[in-house]
Amino acid sequence: MNDSREDAAGRQVLTAEETGVPGLSVFGRGAGLRPILPMLEHQHTNKFEFIITLRGMRRIQTGGECCTLYPRQAFAAHPNEPHFSPEDQPAQGEILWFQLDPTCRDFLGLPPWEVRELLRLLADFRGRLLELPHPLAEAFLQCFHLLQGGIAERLEGRSLFVCSLIRLLGCHAPLEQLTPDIDRAKQYILLHVKEAIDMDELLLASGLPLEEFRREFQAQLGCTPRDYINRQKIQRSRKTIANTRRSITDIAYEYHFSSASFFKLLFKRQTGMSPAKYRRTCQKKKP
């Protein structure tokens, strides 16, 4: 695809000529894909490719291993490393991807001494699956939009991209890949977070017996299955509370909590404020 217009699959792809950033070979965004489009096996000569999941999930396979990217996680394919995504993608979502060619002249439009420092960071980078802070993921999305603007916007976008890339390369603590059984259970939870999820459904998704499932889930995700389910329900409900006037009770029952009081208790425990105060705080921040 050679222009930035959105195609029927919901993708936009910017070339280096369109962004005006030397060495940023491709910068793409895919949104609302159902499912997220598969990616054929390929590799990039002398280029890094980074894939960032903003919403939904994406499975990518490389080196004989298949990993699942969850929201605000990034996958890094190193130069000449074959990778692809299977056809059975788990969910609709939104992703960003970009390719970097460190051999490009005037790399990222930086002066020589800054190029040398950035090339050193890339040479030392060993990450593959990384957790991104929410502001960093949003910064890359802002870069994508700025690089489609006029001269001033593109200059701002280039500066923000370089800063965001340096922060990304500083994420030296790679994520531990979940085992396939626990990964399937996690996917099931996120895909059915508004439903009344019970243990039998999770056991069926994972394929493990009860005690082994509980033990492995706790070891890999750091909490019990029920705690993880409740955390995800609270996290997902925050947007509804912030952006609507619906009653807290209605929202609690929408996410299948046993009572509004229990929902409020967990919400305050997780966010530090009651749902009502959280709504007021979010509304005050809106212009």
# chains A, B, ... in the order shown; residues from 1 in each chain; ligands from 1

$ residues_around --residues "Gln73 (chain A)" --least-positions-apart "5" --cutoff "12 Å" --atoms "only C-alpha atoms" --output "PyMOL selection string"
chain A and resi 50-59+67-68+94-97+127-134+136-138+168+171+174-175+177

$ residues_around --residues "region 227-236 of chain A" --least-positions-apart "2" --cutoff "9 Å" --atoms "only C-alpha atoms" --output "PyMOL selection string"
chain A and resi 186+189-190+193-194+197+221-225+238-240+255-257+263+266-267+270-271

$ closest_residue --among "A:Glu212, A:Asp101, A:Glu195, A:Glu114" --to "Ala16 (chain A)" --atoms "only C-alpha atoms"
A:Asp101

$ closest_residue --among "A:Asp106, A:Arg279, A:Leu178, A:Ala77" --to "Ala219 (chain A)" --atoms "only C-alpha atoms"
A:Leu178

$ residues_around --residues "His78 (chain A)" --least-positions-apart "3" --cutoff "12 Å" --atoms "only C-alpha atoms" --output "ChimeraX atom specification"
/A:42-51,62-63,75,81-83,99-102,122-129

$ residues_around --residues "Ala139 (chain A)" --least-positions-apart "5" --cutoff "9 Å" --atoms "only C-alpha atoms" --output "list in words"
His134, Phe144, Leu160, Phe161 and Ser164 of chain A

$ select_by_dssp --residues "region 18-266 of chain A" --states "helix (DSSP H, G or I)" --output "PyMOL selection string"
chain A and resi 18-19+107-109+112-124+134-146+151-169+180-191+199-206+210-221+225-243+248-254+260-266

$ residues_around --residues "Ser85 (chain A)" --least-positions-apart "2" --cutoff "9 Å" --atoms "only C-alpha atoms" --output "PyMOL selection string"
chain A and resi 37-41+58-62+66+83+87-89

$ residues_around --residues "region 148-151 of chain A" --least-positions-apart "2" --cutoff "12 Å" --atoms "only C-alpha atoms" --output "list in words"
Asp3, Ser4, Arg5, Gln12, Val13, Leu14, Thr15, Ala16, Glu17, Glu18, Thr19, Gly20, Val21, Phe27, Gly28, Leu141, Gln142, Cys143, Phe144, His145, Leu146, Glu153, Arg154, Leu155, Glu156, Gly157 and Arg158 of chain A

$ select_by_dssp --residues "region 40-187 of chain A" --states "strand (DSSP E)" --output "ChimeraX atom specification"
/A:40-42,48-55,58-62,65-69,73-77,83-85,93-100,129-131

$ residues_around --residues "Pro209 (chain A)" --least-positions-apart "6" --cutoff "12 Å" --atoms "only C-alpha atoms" --output "ChimeraX atom specification"
/A:181-182,199-203,215-217
